[in-house]
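Below is one structure, written out as structure tokens; the observations come after it.
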Protein chains: 2
Amino acid sequence: MTEIEKTLENHQVRPTAMRILIYKYLAEKKITVALTDIESAFAKAERTTLYRTIKTFEENGIVHHIEDGTGITKYALCEPGCNCDLEQDLHLHFHCHNCDETVCLTEHKIPHINLPDGYVAENANLVLKGICEKCSGR
Amino acid sequence: MTEIEKTLENHQVRPTAMRILIYKYLAEKKITVALTDIESAFAKAERTTLYRTIKTFEENGIVHHIEDGTGITKYALCEPGCNCDLEQDLHLHFHCHNCDETVCLTEHKIPHINLPDGYVAENANLVLKGICEKCSGR
DNA sequence: AAATAGTGTGCAACGGAAGTGCAATTATCG
DNA sequence: CGATAATTGCACTTCCGTTGCACACTATTT
């Protein structure tokens, strides 16, 4: 049994062939991916299957989704021990408008914000936009 | 000539009847609105017209759009002198998952973030999610 | 090993939101 | 008034996310 299979089982996800492939794909990609990206990577597979696979992954804490402001939902593997629900675990994302890629900056947490009375924040989403490392040529 | 007409002309937008109505609608609403909201408020008008009106407003700095993570683009009137492009003018938004409304917290700016080398941020989007003032009952 | 239940996958179709092309209408200016 | 440009309405298209249903596969039970 491979590492990936173990990881899936640890999250109560049955390691089917498809799921292992998709997990591998996500692990190799350093950046966040859209459903359409997975689609073109697995042209033979059904869109629905990929959709539901990602959904299962997300429900079981294997990936988290990112709203990077493009209107297209992106996904990325959770770091080991990542608890995307908890406020203190919220890292920020960077969207490059040159290559149109979004990356997780897992080491950068979202600073705490003081809200007006009555507002209770449970979650936060911070996306910085600009030119990424790769495109700025440094 | 009314205040609204003057405002529109100041932004190089011809004050047509439709545009004045939409501006008024936006001004009355305290919260951000989606295209569909405007649509239902102006059931007689064409979707395309509303769509293009908002687009014109945005291009001319009358409204700014907000990506609140619902996947639906929201719009809100810019404050007087608001320069939504500039980083220092970026205020944050709050999305209530109870009433599903998004508000601008114009007085709260997005804190500056130190990015890794090579990353150049030109823009930022911070959305806090939770329960708003109205729904928390305080 | 056969029967059965449960889960996963493929196919087809739907729905909402965004966007485009074009014709018709309206405003603006000479 | 007539020409020209901007605005609006209508019809369509596209794209992404989602669901329902049937079949295939896997696991479990006897």
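Lettering and numbering for the structure tokens are positional, with chains as A, B, ... in the shown order, residues counted from 1 in each chain, and ligands counted from 1 in the shown order.
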Point to revise | Sel. of strand (DSSP E or B) residues, chain A, as a VMD selection string | key: chain A and resid 33 to 34 63 to 67 73 to 77 91 to 96 102 to 109 120 to 131
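Using only C-alpha atoms (C1' of nucleotides), we find that the part of chain C lying within 12 Å of chain B comprises C:DG16, C:DA17, C:DA18, C:DG19, C:DT20, C:DT26, C:DA27, C:DT28.
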Those selected residues, please, written with C-alpha atoms (C1' of nucleotides) and delivered as a PDB file, in the first residue's frame.
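Produced file result.pdb, reproduced below:
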```pdb
ATOM      1  C1'  DG C  16     -27.512  30.317 -13.120  1.00  0.00           C
ATOM      2  C1'  DA C  17     -24.475  33.905 -14.239  1.00  0.00           C
ATOM      3  C1'  DA C  18     -21.605  36.261 -17.532  1.00  0.00           C
ATOM      4  C1'  DG C  19     -20.847  37.842 -21.970  1.00  0.00           C
ATOM      5  C1'  DT C  20     -21.583  39.096 -27.267  1.00  0.00           C
ATOM      6  C1'  DT C  26     -32.615  57.760 -28.144  1.00  0.00           C
ATOM      7  C1'  DA C  27     -29.688  61.616 -27.313  1.00  0.00           C
ATOM      8  C1'  DT C  28     -26.214  65.071 -29.030  1.00  0.00           C
TER       9       DT C  28
END
```
Check your understanding: Counting only C-alpha atoms, which residues of chain A come no farther than 10 Å from chain B, as a ChimeraX atom specification?
Key -> /A:66-73,92-97,105,107-138
Practice item. Tell me the residues of chain D close to chain A, meaning within 10 Å using only C-alpha atoms (C1' of nucleotides), as a PyMOL selection string. Key: chain D and resi 16-18+26
Check your understanding: If we count only C-alpha atoms (C1' of nucleotides), what is near DT29 of chain D at a cut-off of 10 Å, once residues fewer than 6 positions away on the same chain are taken out, given as a PyMOL selection string?
Key -> chain C and resi 3-5
Practice item. Tell me, as a list in words, which residues lie within 12 Å of Lys29 of chain B, counting only C-alpha atoms (C1' of nucleotides); anything in the same chain fewer than 3 positions away does not count. Key: Ile22, Tyr23, Lys24, Tyr25, Leu26, Thr32, Val33, Ala34, Asp37, Ile38, Ala41, Tyr75, Ala76, Leu77, Glu101, Thr102, Val103 and Cys104 of chain B
Let me see the file: selected residues, C-alpha atoms, as a PDB file, in the first residue's frame.
```
ATOM      1  CA  ILE B  22     -29.782  52.476 -10.811  1.00  0.00           C
ATOM      2  CA  TYR B  23     -27.539  54.960  -9.070  1.00  0.00           C
ATOM      3  CA  LYS B  24     -30.373  55.868  -6.731  1.00  0.00           C
ATOM      4  CA  TYR B  25     -31.005  52.217  -6.007  1.00  0.00           C
ATOM      5  CA  LEU B  26     -27.355  51.639  -5.177  1.00  0.00           C
ATOM      6  CA  THR B  32     -23.431  45.510  -1.731  1.00  0.00           C
ATOM      7  CA  VAL B  33     -25.698  44.220  -4.463  1.00  0.00           C
ATOM      8  CA  ALA B  34     -25.488  41.530  -7.073  1.00  0.00           C
ATOM      9  CA  ASP B  37     -30.648  42.057  -7.114  1.00  0.00           C
ATOM     10  CA  ILE B  38     -30.772  44.979  -9.489  1.00  0.00           C
ATOM     11  CA  ALA B  41     -35.586  45.585  -8.477  1.00  0.00           C
ATOM     12  CA  TYR B  75     -21.182  45.944  -6.452  1.00  0.00           C
ATOM     13  CA  ALA B  76     -21.178  48.975  -4.213  1.00  0.00           C
ATOM     14  CA  LEU B  77     -20.939  52.701  -4.724  1.00  0.00           C
ATOM     15  CA  GLU B 101     -25.393  39.986   2.676  1.00  0.00           C
ATOM     16  CA  THR B 102     -22.039  41.571   2.094  1.00  0.00           C
ATOM     17  CA  VAL B 103     -21.143  44.973   3.456  1.00  0.00           C
ATOM     18  CA  CYS B 104     -18.241  47.312   2.859  1.00  0.00           C
TER      19      CYS B 104
END
```
Exercise for review: Pick out the residues sitting within 12 Å of Ile20 of chain B, and hand them over as a ChimeraX atom specification; count only C-alpha atoms (C1' of nucleotides), and ignore anything fewer than 6 positions along from it in its own chain.
Suggested key: /B:1-9,13-14,26-27,50,53-54,57
For those residues, write C-alpha atoms to a file as an mmCIF file, in the first residue's frame.
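As a result, result_20.cif now contains:
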```cif
data_model
loop_
_atom_site.group_PDB
_atom_site.id
_atom_site.type_symbol
_atom_site.label_atom_id
_atom_site.label_comp_id
_atom_site.auth_asym_id
_atom_site.auth_seq_id
_atom_site.Cartn_x
_atom_site.Cartn_y
_atom_site.Cartn_z
ATOM 1 C CA MET B 1 -29.981 69.110 -12.441
ATOM 2 C CA THR B 2 -29.946 66.829 -9.433
ATOM 3 C CA GLU B 3 -27.041 65.720 -7.305
ATOM 4 C CA ILE B 4 -27.007 62.330 -8.935
ATOM 5 C CA GLU B 5 -26.876 63.749 -12.422
ATOM 6 C CA LYS B 6 -23.947 65.897 -11.403
ATOM 7 C CA THR B 7 -22.160 62.927 -9.891
ATOM 8 C CA LEU B 8 -22.596 60.912 -13.048
ATOM 9 C CA GLU B 9 -21.329 63.716 -15.238
ATOM 10 C CA VAL B 13 -21.176 59.111 -17.584
ATOM 11 C CA ARG B 14 -24.191 60.529 -19.331
ATOM 12 C CA LEU B 26 -27.355 51.639 -5.177
ATOM 13 C CA ALA B 27 -27.252 54.731 -2.979
ATOM 14 C CA LEU B 50 -28.238 46.663 -16.133
ATOM 15 C CA THR B 53 -24.738 50.094 -16.839
ATOM 16 C CA ILE B 54 -22.858 48.603 -13.936
ATOM 17 C CA PHE B 57 -20.187 52.669 -13.657
#
```
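Atom CA of Asn60 of chain A lies 21.3 Å from atom CA of Glu46 of chain A.
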Point to revise | Every residue of segment 5-77 of chain A that DSSP places in helix (DSSP H, G or I), as an MDAnalysis selection string | key: chainID A and resid 5:10 17:28 35:41 47:59
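Atom pair atom CA of Cys78 of chain B / atom CA of Val63 of chain B: separated by 4.9 Å.
In this model, the gap between atom CA of Glu59 of chain A and atom CA of Ala17 of chain A comes to 19.0 Å.
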